[in-house]
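Content type compact mmCIF, C-alpha atoms, from the file target_11.txt:
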# COMPACT_ATOMS: atom_id res chain seq x y z
CA MET A 1 3.85 33.54 -7.23
CA GLU A 2 0.90 32.81 -4.97
CA LEU A 3 0.90 29.25 -3.63
CA ASN A 4 -2.54 29.64 -2.01
CA LEU A 5 -1.75 27.39 0.93
CA GLU A 6 -3.71 29.40 3.50
CA SER A 7 -5.79 27.25 5.88
CA LYS A 8 -4.73 24.03 4.18
CA ILE A 9 -4.57 21.07 6.57
CA VAL A 10 -1.04 19.66 6.28
CA LEU A 11 0.53 16.59 7.90
CA VAL A 12 4.32 16.40 7.90
CA THR A 13 5.63 13.09 9.24
CA GLY A 14 8.94 12.94 11.09
CA SER A 15 8.81 16.68 11.65
CA SER A 16 10.14 17.39 15.13
CA LYS A 17 13.61 18.32 13.85
CA GLY A 18 15.81 18.77 10.78
CA VAL A 19 14.30 18.93 7.30
CA GLY A 20 10.84 17.89 8.49
CA LEU A 21 10.70 20.70 11.02
CA GLY A 22 11.90 23.16 8.38
CA ILE A 23 9.14 22.04 6.01
CA ALA A 24 6.51 22.36 8.73
CA ARG A 25 7.65 25.88 9.62
CA GLN A 26 7.57 26.97 5.99
CA PHE A 27 3.97 25.82 5.66
CA VAL A 28 3.10 27.85 8.78
CA LYS A 29 4.58 30.94 7.13
CA GLU A 30 2.19 30.35 4.23
CA GLY A 31 -0.78 30.27 6.59
CA SER A 32 -1.33 26.51 6.56
CA LYS A 33 -2.66 24.56 9.54
CA VAL A 34 0.22 22.19 10.17
CA ILE A 35 0.16 18.91 12.07
CA VAL A 36 3.63 17.75 13.09
CA ASN A 37 4.51 14.16 13.92
CA SER A 38 7.20 12.26 15.79
CA THR A 39 7.70 9.03 17.70
CA ASN A 40 9.35 11.08 20.44
CA LYS A 41 7.12 13.17 22.75
CA LYS A 42 10.12 15.07 24.15
CA ASN A 43 11.07 16.30 20.69
CA LEU A 44 7.54 17.52 20.08
CA ASP A 45 7.50 19.27 23.46
CA ILE A 46 10.76 21.07 22.65
CA ILE A 47 9.33 22.78 19.57
CA GLY A 48 6.57 24.37 21.65
CA ASN A 49 3.19 25.52 20.37
CA GLU A 50 4.08 27.05 17.02
CA PHE A 51 2.07 24.42 15.12
CA PHE A 52 -1.61 23.69 14.76
CA ASP A 53 -1.37 20.22 16.28
CA LYS A 54 1.07 17.46 17.27
CA ILE A 55 0.64 13.73 16.81
CA ILE A 56 2.83 11.05 18.40
CA GLY A 57 3.09 7.88 16.36
CA ASP A 58 5.40 5.61 14.40
CA VAL A 59 4.24 5.64 10.78
CA SER A 60 6.38 2.60 9.98
CA LYS A 61 3.74 0.68 11.96
CA PRO A 62 0.35 0.25 10.24
CA SER A 63 -1.46 0.29 13.59
CA ASP A 64 -0.02 3.72 14.49
CA CYS A 65 -0.75 5.04 10.99
CA LYS A 66 -4.38 3.96 11.28
CA LYS A 67 -4.73 5.81 14.58
CA ILE A 68 -3.09 8.97 13.21
CA PHE A 69 -5.43 9.27 10.27
CA LYS A 70 -8.48 8.39 12.33
CA TYR A 71 -7.57 11.27 14.62
CA ILE A 72 -7.17 13.65 11.66
CA LYS A 73 -10.51 12.53 10.20
CA ASP A 74 -12.35 12.88 13.51
CA THR A 75 -10.75 16.21 14.36
CA TYR A 76 -10.38 18.05 11.03
CA LYS A 77 -12.63 16.07 8.65
CA LYS A 78 -10.07 16.44 5.86
CA LEU A 79 -6.42 16.50 4.80
CA ASP A 80 -5.10 18.64 1.95
CA ILE A 81 -1.38 17.90 1.91
CA LEU A 82 0.76 15.00 3.12
CA VAL A 83 4.54 15.26 3.37
CA CYS A 84 6.25 11.90 3.97
CA ASN A 85 9.54 12.81 5.60
CA VAL A 86 10.36 9.88 7.92
CA GLY A 87 13.71 8.30 7.06
CA SER A 88 17.30 7.71 8.10
CA GLY A 89 20.63 7.55 6.29
CA SER A 90 22.43 5.74 9.09
CA SER A 91 23.26 2.12 8.40
CA VAL A 92 26.03 -0.45 8.61
CA PRO A 93 29.15 -0.37 6.39
CA PRO A 94 28.65 -1.76 2.85
CA GLY A 95 28.66 -5.56 2.84
CA GLU A 96 27.68 -5.93 6.50
CA GLU A 97 23.91 -5.81 5.94
CA ASN A 98 21.78 -8.59 7.42
CA TYR A 99 18.06 -9.31 7.60
CA GLU A 100 17.49 -7.18 10.69
CA GLU A 101 19.25 -4.17 9.17
CA TRP A 102 17.44 -4.49 5.85
CA LYS A 103 14.11 -4.64 7.66
CA ARG A 104 14.94 -1.66 9.87
CA ILE A 105 15.99 0.52 6.94
CA LEU A 106 13.10 -0.52 4.71
CA ASP A 107 10.65 0.18 7.54
CA LEU A 108 12.08 3.68 7.96
CA ASN A 109 12.71 4.71 4.36
CA LEU A 110 10.03 2.87 2.39
CA LEU A 111 7.24 1.40 4.51
CA SER A 112 6.84 4.59 6.55
CA THR A 113 5.77 6.20 3.28
CA THR A 114 3.69 3.34 1.84
CA ASN A 115 1.80 3.05 5.14
CA THR A 116 1.16 6.78 5.31
CA VAL A 117 -0.07 6.96 1.73
CA GLU A 118 -2.27 3.89 2.20
CA PHE A 119 -4.07 5.27 5.25
CA GLY A 120 -4.09 8.87 4.06
CA THR A 121 -5.59 8.26 0.63
CA LYS A 122 -9.23 8.37 1.71
CA LEU A 123 -8.84 11.84 3.22
CA LEU A 124 -6.72 13.16 0.36
CA LYS A 125 -9.21 11.85 -2.20
CA LYS A 126 -11.89 14.15 -0.80
CA THR A 127 -9.72 17.26 -1.22
CA LYS A 128 -7.92 16.21 -4.43
CA GLY A 129 -4.80 16.58 -2.33
CA SER A 130 -1.07 16.37 -2.88
CA ILE A 131 1.66 14.12 -1.48
CA VAL A 132 5.36 14.97 -1.40
CA CYS A 133 7.93 12.35 -0.34
CA ILE A 134 11.45 13.18 0.80
CA SER A 135 13.87 10.88 -0.99
CA SER A 136 17.61 11.24 -1.69
CA ILE A 137 20.04 11.46 -4.58
CA CYS A 138 21.51 8.24 -3.17
CA GLY A 139 18.47 6.47 -4.62
CA ILE A 140 19.39 7.70 -8.10
CA GLU A 141 23.16 7.34 -8.39
CA HIS A 142 25.91 5.36 -6.66
CA LEU A 143 27.49 7.77 -4.19
CA LYS A 144 29.20 5.33 -1.82
CA ALA A 145 26.41 5.76 0.75
CA PRO A 146 25.22 2.79 2.85
CA ILE A 147 23.79 0.13 0.53
CA ALA A 148 20.59 -0.46 2.48
CA TYR A 149 19.87 3.28 2.59
CA SER A 150 20.53 3.80 -1.12
CA SER A 151 18.44 0.78 -2.07
CA SER A 152 15.52 1.88 0.08
CA LYS A 153 15.51 5.34 -1.49
CA ALA A 154 15.67 3.81 -4.98
CA ALA A 155 12.64 1.72 -4.02
CA LEU A 156 10.88 4.86 -2.76
CA ASN A 157 11.51 6.63 -6.07
CA SER A 158 10.06 3.67 -7.96
CA TYR A 159 7.05 3.59 -5.65
CA VAL A 160 6.31 7.27 -6.25
CA LYS A 161 6.42 6.79 -10.02
CA ASN A 162 4.25 3.69 -10.01
CA ILE A 163 1.66 4.70 -7.41
CA SER A 164 1.16 8.04 -9.17
CA TRP A 165 -0.96 6.29 -11.81
CA VAL A 166 -3.23 4.78 -9.17
CA LEU A 167 -3.56 7.98 -7.15
CA ALA A 168 -4.19 10.10 -10.23
CA LYS A 169 -7.46 8.22 -10.79
CA GLN A 170 -8.53 9.56 -7.39
CA GLY A 171 -7.42 13.12 -8.07
CA ILE A 172 -4.29 12.89 -5.90
CA ARG A 173 -0.82 13.95 -7.03
CA ILE A 174 2.39 12.46 -5.62
CA ASN A 175 5.97 13.59 -6.21
CA ALA A 176 9.31 13.28 -4.46
CA VAL A 177 12.18 15.61 -3.68
CA ALA A 178 15.68 14.11 -3.70
CA PRO A 179 18.02 16.41 -1.77
CA GLY A 180 21.76 16.36 -1.97
CA ASN A 181 24.04 17.16 0.97
CA LEU A 182 22.40 19.60 3.39
CA ILE A 183 23.88 21.49 6.29
CA PHE A 184 21.96 22.63 9.35
CA GLU A 185 22.60 22.56 13.08
CA GLY A 186 23.19 18.99 14.23
CA SER A 187 23.27 17.51 10.72
CA VAL A 188 25.85 15.00 9.49
CA TRP A 189 27.47 17.69 7.33
CA ASP A 190 27.49 20.12 10.22
CA HIS A 191 29.60 17.64 12.18
CA LYS A 192 31.81 16.80 9.20
CA THR A 193 32.47 20.47 8.48
CA LYS A 194 33.43 21.14 12.10
CA ASP A 195 35.67 18.05 12.17
CA ASP A 196 37.50 18.66 8.88
CA TYR A 197 36.43 21.76 6.96
CA ASN A 198 39.19 21.41 4.37
CA ALA A 199 38.18 17.85 3.46
CA VAL A 200 34.54 18.85 3.04
CA ASN A 201 35.47 21.88 0.96
CA PHE A 202 37.69 19.73 -1.27
CA MET A 203 34.83 17.27 -1.84
CA LEU A 204 32.42 20.09 -2.71
CA GLU A 205 34.81 21.66 -5.22
CA LYS A 206 35.38 18.28 -6.85
CA GLU A 207 31.87 16.77 -6.79
CA VAL A 208 29.28 19.58 -6.63
CA ALA A 209 28.80 22.07 -9.47
CA LEU A 210 27.73 24.88 -7.13
CA GLY A 211 30.59 24.04 -4.78
CA ARG A 212 28.60 24.21 -1.56
CA LEU A 213 26.19 22.39 0.75
CA GLY A 214 22.45 22.92 0.52
CA LYS A 215 20.19 24.75 2.97
CA ILE A 216 16.95 23.46 4.44
CA GLU A 217 14.94 26.33 2.96
CA GLU A 218 16.14 25.36 -0.52
CA ILE A 219 14.38 22.04 -0.04
CA THR A 220 11.30 23.38 1.73
CA ASN A 221 10.57 25.86 -1.06
CA LEU A 222 10.50 23.01 -3.57
CA VAL A 223 8.26 20.92 -1.30
CA LEU A 224 5.75 23.76 -0.98
CA PHE A 225 5.70 24.33 -4.72
CA LEU A 226 4.95 20.65 -5.38
CA SER A 227 2.30 20.65 -2.63
CA SER A 228 0.43 23.58 -4.15
CA ASN A 229 -1.90 23.75 -7.14
CA VAL A 230 0.72 25.85 -8.92
CA SER A 231 2.24 22.47 -9.87
CA SER A 232 -1.13 20.90 -10.76
CA PHE A 233 0.19 19.17 -13.92
CA THR A 234 3.03 17.46 -12.07
CA THR A 235 2.88 13.95 -10.63
CA GLY A 236 5.04 10.84 -10.44
CA SER A 237 8.26 12.86 -10.67
CA ILE A 238 11.47 12.92 -8.65
CA PHE A 239 12.92 16.43 -8.29
CA VAL A 240 16.64 16.66 -7.57
CA SER A 241 18.02 19.54 -5.52
CA ASP A 242 21.70 18.80 -5.03
CA GLY A 243 23.72 21.72 -6.37
CA GLY A 244 24.57 19.73 -9.50
CA GLN A 245 26.19 16.74 -7.79
CA ILE A 246 24.75 13.71 -9.52
CA LYS A 247 25.58 12.98 -13.13
CA SER A 248 22.61 10.74 -14.03
CA TRP A 249 19.93 11.88 -16.44
CA LEU A 250 16.44 11.44 -14.99
Would you write the structure of this file as structure tokens?
Amino acid sequence: MELNLESKIVLVTGSSKGVGLGIARQFVKEGSKVIVNSTNKKNLDIIGNEFFDKIIGDVSKPSDCKKIFKYIKDTYKKLDILVCNVGSGSSVPPGEENYEEWKRILDLNLLSTTNTVEFGTKLLKKTKGSIVCISSICGIEHLKAPIAYSSSKAALNSYVKNISWVLAKQGIRINAVAPGNLIFEGSVWDHKTKDDYNAVNFMLEKEVALGRLGKIEEITNLVLFLSSNVSSFTTGSIFVSDGGQIKSWL
């Protein structure tokens, strides 16, 4: 299957490490011109010069978002694909949420996406582009994850479904990928596996149909498919990739 992503201008937010970095690298393999983003200059420096460009900025702040997309417009004149990857699953224990924590989590997991879509729409409209948001299965089903995190991802899923109608009128598609538990160097499940392999293995056998943790490339392949015109009839959908963990019907 040819994805035809050669020379596409792609922005991946929150892409200096983890899933975001994996997504960016997969686009490079397809011949895309990838712009990576982080709030941390050191993290961008560490990944070297393997990408087309690097942009420092906090997309949870409208002012930074405005600057990022002005730079892309002035430099590249267009944007074909936007991947909204900024987010965090770390929060306080259930029941200990307060205003400050709710605001922090919503900024990271919801507003970072709404801001990016808002300021990126003009450029994507010109190319009839595609947006892919990285969500979580925690936004679909109760999995005993932090409440603020789960709620913010549920809100993100709802946003993707609702905004798809607005964006479709401008020729833009938007979808989301909801990963399950992933393992990669430095990830939460990497640490949990090293700390207590037997406990993790027991959980996987009990809760996950495939009985294992997911790999970054299993998410990135789905992201690239949804970004490409191969999926041109698909918008407003949440795609689960969790090894068969959640029980909800979408």
What separates CA of Leu204 (chain A) and CA of Val188 (chain A) is a distance of 14.8 Å
Axis-aligned box over every listed atom of region 152-164 of chain A, padded by 3 Å per side: centre and edges in Å to one decimal, as AutoDock Vina command-line options?
--center_x 8.4 --center_y 4.9 --center_z -5.0 --size_x 20.5 --size_y 12.3 --size_z 16.1
Near Leu222 (chain A), counting all atoms listed in the file, which residues have an atom at most 9 Å away, once you skip same-chain residues fewer than 3 positions from it, shown as a list in words?
Val177, Glu217, Glu218, Ile219, Phe225, Leu226, Ser227, Phe239 and Ser241 of chain A
Using the selection just defined, write its residues with C-alpha atoms as a PDB file, in the coordinates of the input.
ATOM      1  CA  VAL A 177      12.180  15.610  -3.680  1.00  0.00           C
ATOM      2  CA  GLU A 217      14.940  26.330   2.960  1.00  0.00           C
ATOM      3  CA  GLU A 218      16.140  25.360  -0.520  1.00  0.00           C
ATOM      4  CA  ILE A 219      14.380  22.040  -0.040  1.00  0.00           C
ATOM      5  CA  PHE A 225       5.700  24.330  -4.720  1.00  0.00           C
ATOM      6  CA  LEU A 226       4.950  20.650  -5.380  1.00  0.00           C
ATOM      7  CA  SER A 227       2.300  20.650  -2.630  1.00  0.00           C
ATOM      8  CA  PHE A 239      12.920  16.430  -8.290  1.00  0.00           C
ATOM      9  CA  SER A 241      18.020  19.540  -5.520  1.00  0.00           C
TER      10      SER A 241
END
Using all atoms listed in the file, which of the listed residues (A:Gln245, A:Ser60, A:Ser38, A:Thr75) sits closest to Asp107 (chain A)?
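Smallest distance to Asp107 (chain A) is found for A:Ser60.
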Tell me which protein, DNA and RNA residues are within 7 Å of Ser32 (chain A), counting all atoms listed in the file, leaving out same-chain ones fewer than 6 positions away, and put them as a PyMOL selection string.
chain A and resi 5-10
Could you give me, as a list in words, the residues within 8 Å of Glu101 (chain A), counting only C-alpha atoms and dropping anything in the same chain fewer than 2 positions from it?
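These residues fall inside the cut-off: Ser91, Val92, Glu97, Asn98, Tyr99, Lys103, Arg104, Ile105 and Ala148 of chain A.
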For Gly14 (chain A), list every protein, DNA or RNA residue within 7 Å, evaluated using only C-alpha atoms, and leave out those in the same chain fewer than 3 positions away; present the list as an NGL selection string.
:A and (20 or 37-38 or 85-86)
Take the residues just selected and output them with C-alpha atoms as a PDB file, in the frame of the given file.
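Done, and the output landed in selection_4.pdb:
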ATOM      1  CA  GLY A  20      10.840  17.890   8.490  1.00  0.00           C
ATOM      2  CA  ASN A  37       4.510  14.160  13.920  1.00  0.00           C
ATOM      3  CA  SER A  38       7.200  12.260  15.790  1.00  0.00           C
ATOM      4  CA  ASN A  85       9.540  12.810   5.600  1.00  0.00           C
ATOM      5  CA  VAL A  86      10.360   9.880   7.920  1.00  0.00           C
TER       6      VAL A  86
END
Just save region 29-67 of chain A with C-alpha atoms, as a PDB file, in the first residue's frame.
ATOM      1  CA  LYS A  29      11.045   7.047   6.483  1.00  0.00           C
ATOM      2  CA  GLU A  30       8.135   7.801   4.151  1.00  0.00           C
ATOM      3  CA  GLY A  31       9.982  10.787   2.704  1.00  0.00           C
ATOM      4  CA  SER A  32       8.004  13.505   4.490  1.00  0.00           C
ATOM      5  CA  LYS A  33       9.504  16.828   5.553  1.00  0.00           C
ATOM      6  CA  VAL A  34       8.977  16.672   9.298  1.00  0.00           C
ATOM      7  CA  ILE A  35       8.929  19.554  11.763  1.00  0.00           C
ATOM      8  CA  VAL A  36       9.379  18.401  15.356  1.00  0.00           C
ATOM      9  CA  ASN A  37       8.303  20.423  18.376  1.00  0.00           C
ATOM     10  CA  SER A  38       9.065  20.599  22.081  1.00  0.00           C
ATOM     11  CA  THR A  39       9.080  23.077  24.938  1.00  0.00           C
ATOM     12  CA  ASN A  40      12.562  21.828  25.811  1.00  0.00           C
ATOM     13  CA  LYS A  41      15.499  22.931  23.626  1.00  0.00           C
ATOM     14  CA  LYS A  42      17.820  20.336  25.190  1.00  0.00           C
ATOM     15  CA  ASN A  43      15.517  17.508  24.118  1.00  0.00           C
ATOM     16  CA  LEU A  44      15.453  18.833  20.568  1.00  0.00           C
ATOM     17  CA  ASP A  45      19.244  19.138  20.550  1.00  0.00           C
ATOM     18  CA  ILE A  46      19.622  15.527  21.685  1.00  0.00           C
ATOM     19  CA  ILE A  47      17.781  14.134  18.658  1.00  0.00           C
ATOM     20  CA  GLY A  48      20.253  15.809  16.306  1.00  0.00           C
ATOM     21  CA  ASN A  49      19.581  16.800  12.699  1.00  0.00           C
ATOM     22  CA  GLU A  50      17.520  13.878  11.437  1.00  0.00           C
ATOM     23  CA  PHE A  51      14.457  16.074  10.898  1.00  0.00           C
ATOM     24  CA  PHE A  52      13.590  18.824   8.457  1.00  0.00           C
ATOM     25  CA  ASP A  53      13.145  21.467  11.145  1.00  0.00           C
ATOM     26  CA  LYS A  54      12.696  21.989  14.892  1.00  0.00           C
ATOM     27  CA  ILE A  55      10.385  24.430  16.626  1.00  0.00           C
ATOM     28  CA  ILE A  56      10.484  25.315  20.324  1.00  0.00           C
ATOM     29  CA  GLY A  57       7.128  26.300  21.756  1.00  0.00           C
ATOM     30  CA  ASP A  58       4.389  25.398  24.210  1.00  0.00           C
ATOM     31  CA  VAL A  59       1.244  24.659  22.211  1.00  0.00           C
ATOM     32  CA  SER A  60      -0.889  24.824  25.354  1.00  0.00           C
ATOM     33  CA  LYS A  61      -0.302  28.592  25.113  1.00  0.00           C
ATOM     34  CA  PRO A  62      -2.157  30.393  22.295  1.00  0.00           C
ATOM     35  CA  SER A  63       0.660  32.942  21.948  1.00  0.00           C
ATOM     36  CA  ASP A  64       3.242  30.205  21.289  1.00  0.00           C
ATOM     37  CA  CYS A  65       0.878  28.428  18.895  1.00  0.00           C
ATOM     38  CA  LYS A  66       0.406  31.620  16.902  1.00  0.00           C
ATOM     39  CA  LYS A  67       4.172  32.044  16.562  1.00  0.00           C
TER      40      LYS A  67
END
